[in-house]
Amino acid sequence: MDSIELTVRTGDEPAVVDITGEVAVFCRERGDGLVSVFVPHATAGVAVIEVGAGSDGDLLAALAGLLPRDGRWAHRHGSPGHGADHVLPALVPPSITVPVLRGRLALGTWQSIVVVDTNRDNPTRAVRLSFLAG
């Protein structure tokens, strides 16, 4: 298995960051297999969605509605409402697996791989890419 770690800047506001290009470069010329995309963080996730047509903003709005940044959370360190960030990975998991065929991601036409980060306290995230040849 080959593996690398990327550093992704998500900033200090909730963000959906498209990393499809970086994952595609990692998989190029590797043949058939599976790529795992994993964020080793308790407050971020990875998703496959359409970006650029408003879906990324819709996702953040939906998460804000489900996980409001208020005083209801038992987990209270960090910025106000930070406990919501710790619930995020239950809704947006920290890893995904994508098939790779002849060195190309086998995504649908409008699918992109994104890091989802609602945590305002950590502006950069590690992302582990691991390729398992088939």
# chains A, B, ... in the order shown; residues from 1 in each chain; ligands from 1
call {"tool": "residues_around", "arguments": {"residues": "Glu13 (chain A)", "least_positions_apart": "2", "cutoff": "10 Å", "atoms": "only C-alpha atoms", "output": "list in words"}}
result
Thr10, Gly11, Ala15, Val16, Asp117, Thr118, Asn119, Arg120, Asp121, Asn122 and Pro123 of chain A
call {"tool": "residues_around", "arguments": {"residues": "Arg9 (chain A)", "least_positions_apart": "4", "cutoff": "9 Å", "atoms": "only C-alpha atoms", "output": "list of chain:residue names"}}
result
A:Val17, A:Pro123, A:Thr124, A:Arg125, A:Ala126
call {"tool": "write_last_selection", "arguments": {"atoms": "C-alpha atoms", "output": "CSV table (one decimal), in the first residue's frame"}}
result
chain,number,residue,atom,x,y,z
A,17,VAL,CA,-12.6,22.2,0.3
A,123,PRO,CA,-7.2,26.4,9.9
A,124,THR,CA,-5.2,23.5,8.4
A,125,ARG,CA,-6.0,19.8,8.2
A,126,ALA,CA,-4.0,16.7,7.4
call {"tool": "residues_around", "arguments": {"residues": "region 33-50 of chain A", "least_positions_apart": "5", "cutoff": "7 Å", "atoms": "only C-alpha atoms", "output": "MDAnalysis selection string"}}
result
chainID A and resid 55 85:86 88:89 92:101 110:117 119 126:134
call {"tool": "select_by_dssp", "arguments": {"residues": "region 8-104 of chain A", "states": "alpha helix (DSSP H)", "output": "JSON, numbers by chain"}}
result
{"A": [20, 21, 22, 23, 24, 25, 26, 27, 55, 56, 57, 58, 59, 60, 61, 62, 63, 64, 65, 66, 83, 84, 85, 86, 87, 88, 89, 90, 91]}
call {"tool": "closest_residue", "arguments": {"among": "A:Arg69, A:Arg104, A:His82, A:Arg76", "to": "Thr20 (chain A)", "atoms": "only C-alpha atoms"}}
result
A:Arg104
call {"tool": "select_by_dssp", "arguments": {"residues": "chain A", "states": "strand (DSSP E or B)", "output": "ChimeraX atom specification"}}
result
/A:2-9,15-18,33-38,44-49,95-101,104-105,112-117,124-133
call {"tool": "residues_around", "arguments": {"residues": "Ala62 (chain A)", "least_positions_apart": "3", "cutoff": "12 Å", "atoms": "only C-alpha atoms", "output": "list of chain:residue names"}}
result
A:Pro14, A:Ser55, A:Asp56, A:Gly57, A:Asp58, A:Leu59, A:Gly65, A:Leu66, A:Leu67, A:Pro68, A:Leu88, A:Leu91, A:Val92, A:Thr118
call {"tool": "residues_around", "arguments": {"residues": "Asp70 (chain A)", "least_positions_apart": "5", "cutoff": "9 Å", "atoms": "only C-alpha atoms", "output": "ChimeraX atom specification"}}
result
/A:80-84
call {"tool": "atom_distance", "arguments": {"atom1": "CA of Cys27 (chain A)", "atom2": "CA of Leu105 (chain A)"}}
result
7.3 Å
call {"tool": "atom_distance", "arguments": {"atom1": "CA of Leu60 (chain A)", "atom2": "CA of Ser3 (chain A)"}}
result
29.2 Å
call {"tool": "atom_distance", "arguments": {"atom1": "CA of Arg102 (chain A)", "atom2": "CA of Asp32 (chain A)"}}
result
5.1 Å
